Every structure is written in C-alpha cells, then in structure tokens.
Amino acid sequence: MTHADRAEERYLPEHLHEALLADDRVGEQDLHVHADQHCIHVTGTVATAARRDAIIAVVTELAPGWEICNDVDILHVVADPDVEDVTG
C-alpha cells in the first residue's frame, strides 16, 4: 500500500459520510462511518428500508472493492394507544 493509498483510506469515512448526507436517496445525518482494514462500517438509524438499501448503493459506488458492514437500523414507530384522535 502506498502513502497515497493510506492517505485516501484515512479520509474515506468522512468522504462517505458527506456523500450519504448529500445523496437524495439517503440524506440522513444520524449515520456514522468508519473503516478497518477492508471493511466499511455504517451505523445509525434511518426511516425506511429503501434508505438503508440506498446506503449500500452509495458506499458501493464510491468505494468499490470494500466489504460493507451495514449495521443501520430502521426506525419503527409505534402509535401510542393512549393518544386520542381529534381529527374526525
């Protein structure tokens, strides 16, 4: 691995985090990205499965050849049964 490769690898997590934030398919702030050896780890919470899948697409596009460990959870919202619906 060359010095340039090591420098690029060092900044890769921040580059990916910025790309995930800017990409319309993802656009999530609550994501954390780090890399160890040849695996990129993404953690956090997103609203939908489609956004979780989009994370893999974005990271794959920007970091080909890396294994992706997508440990992102999907937020599950449960209605409070004690809340009264006053719309009707």
# chains A, B, ... in the order shown; residues from 1 in each chain; ligands from 1

$ residues_around --residues "range 58-66 of chain A" --least-positions-apart "2" --cutoff "6 Å" --atoms "only C-alpha atoms" --output "MDAnalysis selection string"
chainID A and resid 38:39 55:56

$ write_last_selection --atoms "C-alpha atoms" --output "JSON list (two decimals), in the first residue's frame"
[["chain", "number", "residue", "atom", "x", "y", "z"],
["A", 38, "HIS", "CA", -11.06, -3.65, 4.10],
["A", 39, "CYS", "CA", -14.49, -3.23, 5.68],
["A", 55, "ILE", "CA", -26.66, 3.38, 1.83],
["A", 56, "ILE", "CA", -25.21, 0.20, 0.34]]

$ select_by_dssp --residues "chain A" --states "alpha helix (DSSP H)" --output "PyMOL selection string"
chain A and resi 3-22+49-62

$ closest_residue --among "A:Ala57, A:Val77, A:Val46, A:Val86" --to "Ala19 in chain A" --atoms "only C-alpha atoms"
A:Ala57

$ residues_around --residues "Val33 in chain A" --least-positions-apart "5" --cutoff "12 Å" --atoms "only C-alpha atoms" --output "compact mmCIF listing (two decimals) with C-alpha atoms, in the first residue's frame"
# COMPACT_ATOMS: atom_id res chain seq x y z
CA ARG A 10 -7.75 7.70 6.14
CA TYR A 11 -10.22 10.21 4.69
CA LEU A 12 -12.60 7.66 3.18
CA PRO A 13 -15.06 7.50 6.12
CA GLU A 14 -15.54 11.28 6.16
CA HIS A 15 -15.91 11.35 2.37
CA LEU A 16 -18.57 8.61 2.55
CA HIS A 17 -20.39 10.31 5.42
CA GLU A 18 -20.62 13.55 3.42
CA ALA A 19 -21.80 11.65 0.34
CA LEU A 20 -24.52 9.85 2.32
CA LEU A 21 -25.70 13.14 3.76
CA CYS A 39 -14.49 -3.23 5.68
CA ILE A 40 -16.54 -0.05 5.81
CA HIS A 41 -18.90 0.05 8.80
CA VAL A 42 -22.02 2.20 8.65
CA THR A 43 -24.17 2.54 11.77
CA GLY A 44 -27.15 4.67 12.71
CA ILE A 55 -26.66 3.38 1.83
CA VAL A 59 -20.97 3.26 -0.50
CA ILE A 68 -19.69 -3.09 3.51
CA CYS A 69 -20.94 -3.80 7.01
CA ASN A 70 -24.33 -2.09 7.04
CA ASP A 71 -25.40 -2.05 10.69
CA VAL A 72 -28.06 0.60 10.14

$ atom_distance --atom1 "CA of Arg25 in chain A" --atom2 "CA of Gln37 in chain A"
27.1 Å

$ atom_distance --atom1 "CA of Ala35 in chain A" --atom2 "CA of Glu9 in chain A"
8.0 Å
